[in-house]
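Novice: The structure that follows is given in the form of structure tokens.
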2 protein chains.
Amino acid sequence: MEQKQICAKFEKAVELLSKRWVAFIIYQLMSGPQRFSDIEHGLPNLSGKVLSDRLKELEAEGLIRRDVYPEMPVRIEYSLTEKGRALSPLFTDIGNWANQWMSDGHE
Amino acid sequence: MEQKQICAKFEKAVELLSKRWVAFIIYQLMSGPQRFSDIEHGLPNLSGKVLSDRLKELEAEGLIRRDVYPEMPVRIEYSLTEKGRALSPLFTDIGNWANQWMSDGHE
């Protein structure tokens, strides 16, 4: 039985993207820069603490950037980097698959 | 800020695919039907108990099928259904993205 060797890069990518809430946060940011409260609003079941942790991780991984605008009050926005936006095809494919194969429980 | 409404199907798909080990198990089965021990061999850090649970869940979700061959000893094989194989583009996307953007820690 030919077995798929899982390369380190693929494994790291799957582990990162599978982390609870990561995919949803990236998906939210696909529609453009957002403030912390915007993201929170879009993901009501996600706690502020977990969101804060995930945003730090995603920033460290280079998938998102954090911009601070020295206004009164200070405005902080999160947005996808090129690396983050490059995940867009994945979300299109998940959406296509979900539409074709998943039931939303009302059928 | 236009917010992405996360539809129920998309949410269910992301939650299912993000579950620990699910993506790796499906990826293993992309190379064809395999026995429990084959899958275990391909994913050394995955315990037999968790693999057994995930296979049951994936079977219940219709992503894999379980075939029993009445040989001596009995042979049981797991394989992707059409619904499971339809996830193939996702793995291509993840592979492409990982190759371009992830470091495998040796660079």
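Residues in the structure tokens are named by chain (A, B, ... in the order shown) and by number from 1 within that chain; ligands are numbered from 1 in the order shown.
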Quick check for you: according to DSSP on this backbone, which residues of chain A are classed as alpha helix (DSSP H)? Reply as number ranges by chain.
Specialist: A: 8-18, 22-29, 36-42, 48-60, 82-85, 88-101
Novice: For the interface of chain B with chain A (cut-off 8 Å, counting only C-alpha atoms), please tabulate each contacting residue of chain B alongside its nearest pair of atoms and their separation in Å to one decimal, rows sorted by chain and increasing number, as CSV.
Specialist:
residue,atom,partner,partner_atom,distance
B:Met1,CA,A:Gln34,CA,7.2
B:Glu2,CA,A:Ser31,CA,6.7
B:Gln3,CA,A:Ser31,CA,6.6
B:Lys4,CA,A:Gln28,CA,5.8
B:Gln5,CA,A:Gly42,CA,7.5
B:Ala8,CA,A:Asp104,CA,5.4
B:Lys9,CA,A:Asp104,CA,5.0
B:Phe10,CA,A:Ala98,CA,5.5
B:Lys12,CA,A:Met102,CA,7.6
B:Ala13,CA,A:Ala98,CA,5.8
B:Val14,CA,A:Ala23,CA,7.3
B:Leu17,CA,A:Ser18,CA,7.4
B:Ser18,CA,A:Ser18,CA,4.1
B:Lys19,CA,A:Ser18,CA,6.7
B:Arg20,CA,A:Ser18,CA,7.1
B:Ala23,CA,A:Val14,CA,7.3
B:Tyr27,CA,A:Lys4,CA,7.6
B:Gln28,CA,A:Lys4,CA,5.8
B:Ser31,CA,A:Gln3,CA,6.6
B:Gly32,CA,A:Met1,CA,7.9
B:Gln34,CA,A:Met1,CA,7.3
B:Asp38,CA,A:Met1,CA,7.8
B:Gly42,CA,A:Gln3,CA,6.7
B:Lys83,CA,A:Trp101,CA,6.5
B:Ala86,CA,A:Trp97,CA,7.0
B:Leu87,CA,A:Trp97,CA,6.9
B:Pro89,CA,A:Asp93,CA,6.8
B:Leu90,CA,A:Leu90,CA,5.8
B:Asp93,CA,A:Leu90,CA,5.6
B:Ile94,CA,A:Phe10,CA,6.9
B:Gly95,CA,A:Phe10,CA,5.7
B:Trp97,CA,A:Leu87,CA,6.9
B:Ala98,CA,A:Lys9,CA,5.5
B:Asn99,CA,A:Lys9,CA,6.5
B:Trp101,CA,A:Lys83,CA,6.5
B:Met102,CA,A:Lys9,CA,5.6
B:Ser103,CA,A:Lys9,CA,6.2
B:Asp104,CA,A:Lys9,CA,4.9
Novice: Using Å and a single decimal, report how far CA of Ser79 (chain B) sits from CA of Arg65 (chain B).
Specialist: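 For CA of Arg65 (chain B) relative to CA of Ser79 (chain B), the distance reads 5.5 Å.
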Novice: Looking only at strand (DSSP E) from DSSP on the backbone, list the matching residues of chain A as a PyMOL selection string.
Specialist: chain A and resi 64-69+75-80
Novice: Take the residues from that selection and write them out as a short mmCIF file (atom, residue, chain, number, x, y, z; two decimals), in the first residue's frame, keeping N, CA, C and O atoms.
Specialist:
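So out.cif came out as:
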data_model
loop_
_atom_site.label_atom_id
_atom_site.label_comp_id
_atom_site.auth_asym_id
_atom_site.auth_seq_id
_atom_site.Cartn_x
_atom_site.Cartn_y
_atom_site.Cartn_z
N ILE A 64 -1.14 37.42 9.47
CA ILE A 64 -1.87 38.68 9.62
C ILE A 64 -0.91 39.77 10.09
O ILE A 64 0.20 39.47 10.56
N ARG A 65 -1.33 41.00 9.90
CA ARG A 65 -0.54 42.12 10.43
C ARG A 65 -1.46 42.98 11.30
O ARG A 65 -2.67 42.95 11.16
N ARG A 66 -0.84 43.71 12.20
CA ARG A 66 -1.55 44.53 13.16
C ARG A 66 -1.09 45.97 12.95
O ARG A 66 0.09 46.28 13.10
N ASP A 67 -2.01 46.84 12.59
CA ASP A 67 -1.66 48.24 12.35
C ASP A 67 -2.28 49.12 13.44
O ASP A 67 -3.46 49.01 13.74
N VAL A 68 -1.43 49.99 13.99
CA VAL A 68 -1.86 50.89 15.06
C VAL A 68 -1.92 52.30 14.48
O VAL A 68 -0.94 52.80 13.92
N TYR A 69 -3.10 52.91 14.56
CA TYR A 69 -3.28 54.27 14.05
C TYR A 69 -3.34 55.22 15.25
O TYR A 69 -4.24 55.10 16.10
N ARG A 75 -6.52 53.57 17.16
CA ARG A 75 -7.28 52.57 16.39
C ARG A 75 -6.31 51.45 15.99
O ARG A 75 -5.20 51.73 15.50
N ILE A 76 -6.70 50.21 16.26
CA ILE A 76 -5.85 49.06 15.91
C ILE A 76 -6.63 48.18 14.93
O ILE A 76 -7.78 47.82 15.20
N GLU A 77 -5.99 47.88 13.80
CA GLU A 77 -6.67 47.03 12.82
C GLU A 77 -5.82 45.81 12.48
O GLU A 77 -4.59 45.88 12.42
N TYR A 78 -6.52 44.73 12.23
CA TYR A 78 -5.87 43.48 11.82
C TYR A 78 -6.22 43.21 10.36
O TYR A 78 -7.37 43.43 9.95
N SER A 79 -5.23 42.76 9.61
CA SER A 79 -5.52 42.43 8.21
C SER A 79 -4.63 41.28 7.77
O SER A 79 -3.60 40.99 8.39
N LEU A 80 -5.04 40.63 6.70
CA LEU A 80 -4.26 39.51 6.18
C LEU A 80 -3.04 40.03 5.44
O LEU A 80 -3.10 41.02 4.73
#
Novice: Work out how far CA of Leu55 (chain A) is from CA of Phe36 (chain A), in Å to one decimal.
Specialist: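 If I compute the distance from CA of Phe36 (chain A) to CA of Leu55 (chain A), I get 9.2 Å.
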Novice: Suppose you want the space between CA of Ser37 (chain A) and CA of Lys56 (chain A); what is it in Å?
Specialist: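 Taking CA of Ser37 (chain A) and CA of Lys56 (chain A), their separation equals 15.4 Å.
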